[in-house]
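Note sheet for the following structure.
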Amino acid sequence: MSMRTPLGRVRGLGSAKDGTEHFWMQRVTAVANIPLVLIGLWLIISLVGDDYQMVVTKLSSPGWTVFLVLFAFSVLYHMRLGLQVVIEDYIHTEWTKILLLLLNTFFVFFTGAMFVFAAFKLAFGG
Amino acid sequence: MSEASTGSKRPLSPHLTIYKPIPTMVMSIMHRITGVALYFGMFLLTWWFFSAAAGEDYFNWVNGIFGSIIGQLILFGFSWALVHHMLGGIKHLVQDSGRAMEKAFTTQMAKAHVVVSAGLTVLVWIVAYLAG
């Protein structure tokens, strides 16, 4: 006789392999994105018309570096979850779906690597 | 078991094409379209940001593209998608709490959504031009 509870036996067996995490993280990142995007818009507006030196000086300040990394993480997390749902909704051929889900993840990590590299190079590259 | 979900020959219930487009439905679709657009817009933003780290000549070249008429049009669309998606997202967060679900009210919200998102986007651009 198994000592496992019915809940323990079925955990991880659903088609999504996770419970409400996807829904919840979509909301967590959505809430985080509100201030991050508003501050980001303000940052971009403040850079309009600036030349290279002014842009680099501003973006390399410690506060903006921290902001930019947080921005990239939250936005990319959110958009990966979002596009995942779009792919799952419209692509019904199994291998195409898996390929696109992989590309979604790769695209997000690639964009994130570019973004974070740029943030750190501006901050530390002098 | 897994084969059941792969059958592209399985019939689908008629959906989008048979319904009259109503405001809440159109806004729901717009939320998804703007979300997908922002997905690719984020790459453009990253490219611009990356160019600032890559050096002055490259930055000026990329900045020139975004400063061109086509670049500005793309940025305008990007900013509108951002504002529209954010307003839609805030609406979703409110509705997650069980509020603002009445039929008449959601229709009013959907109609206001377009006006507010367009208005805020134009406002952002006016502020940007005044600042620049």
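Note on naming: chains are A, B, ... as they come in the structure tokens, residues start from 1 per chain, ligands start from 1 in the order shown.
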Notebook entry, point to check: Can you tell me, as a count of residues only, what residues are no more than 8 Å from A:Thr29 when counting only C-alpha atoms, ignoring any on the same chain fewer than 6 positions away?
Noted result: 4
Counting only C-alpha atoms, which residues from chain B have an atom at most 6 Å from any atom of chain A, and could you show them as a PDB file with C-alpha atoms, in the first residue's frame?
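Written out: selection-v3.pdb:
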```pdb
ATOM      1  CA  THR B   6      -1.854  16.217 -33.013  1.00  0.00           C
ATOM      2  CA  THR B  46      17.395  45.827 -27.173  1.00  0.00           C
ATOM      3  CA  PHE B  50      23.047  47.263 -27.478  1.00  0.00           C
ATOM      4  CA  ALA B  53      27.297  49.722 -25.757  1.00  0.00           C
ATOM      5  CA  ALA B 128       9.006  63.541 -26.006  1.00  0.00           C
ATOM      6  CA  GLY B 132      13.999  66.687 -27.185  1.00  0.00           C
TER       7      GLY B 132
END
```
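For the residues B:Gly88, B:Pro14, B:Gly71, B:Gly64, ranking by smallest atom-to-atom distance to B:Met30 using only C-alpha atoms places B:Gly88 first.
Each of B:Leu87, B:Ala110, B:Val94, B:Ser79 was compared to B:Val122 using only C-alpha atoms, and B:Ser79 turns out to be the nearest.
Distance-wise, atom CA of B:Pro11 and atom CA of B:Ile33 end up 25.2 Å apart.
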Next item on the list: Enumerate, as number ranges by chain, the complete set of residues in chain B that a backbone-based DSSP assignment places in alpha helix (DSSP H).
Entry: B: 23-54, 56-67, 69-96, 103-131
Next item on the list: Give me, please, the distance in Å between atom CA of A:Pro35 and atom CA of B:Phe49, quoted to one decimal.
Entry: 19.4 Å
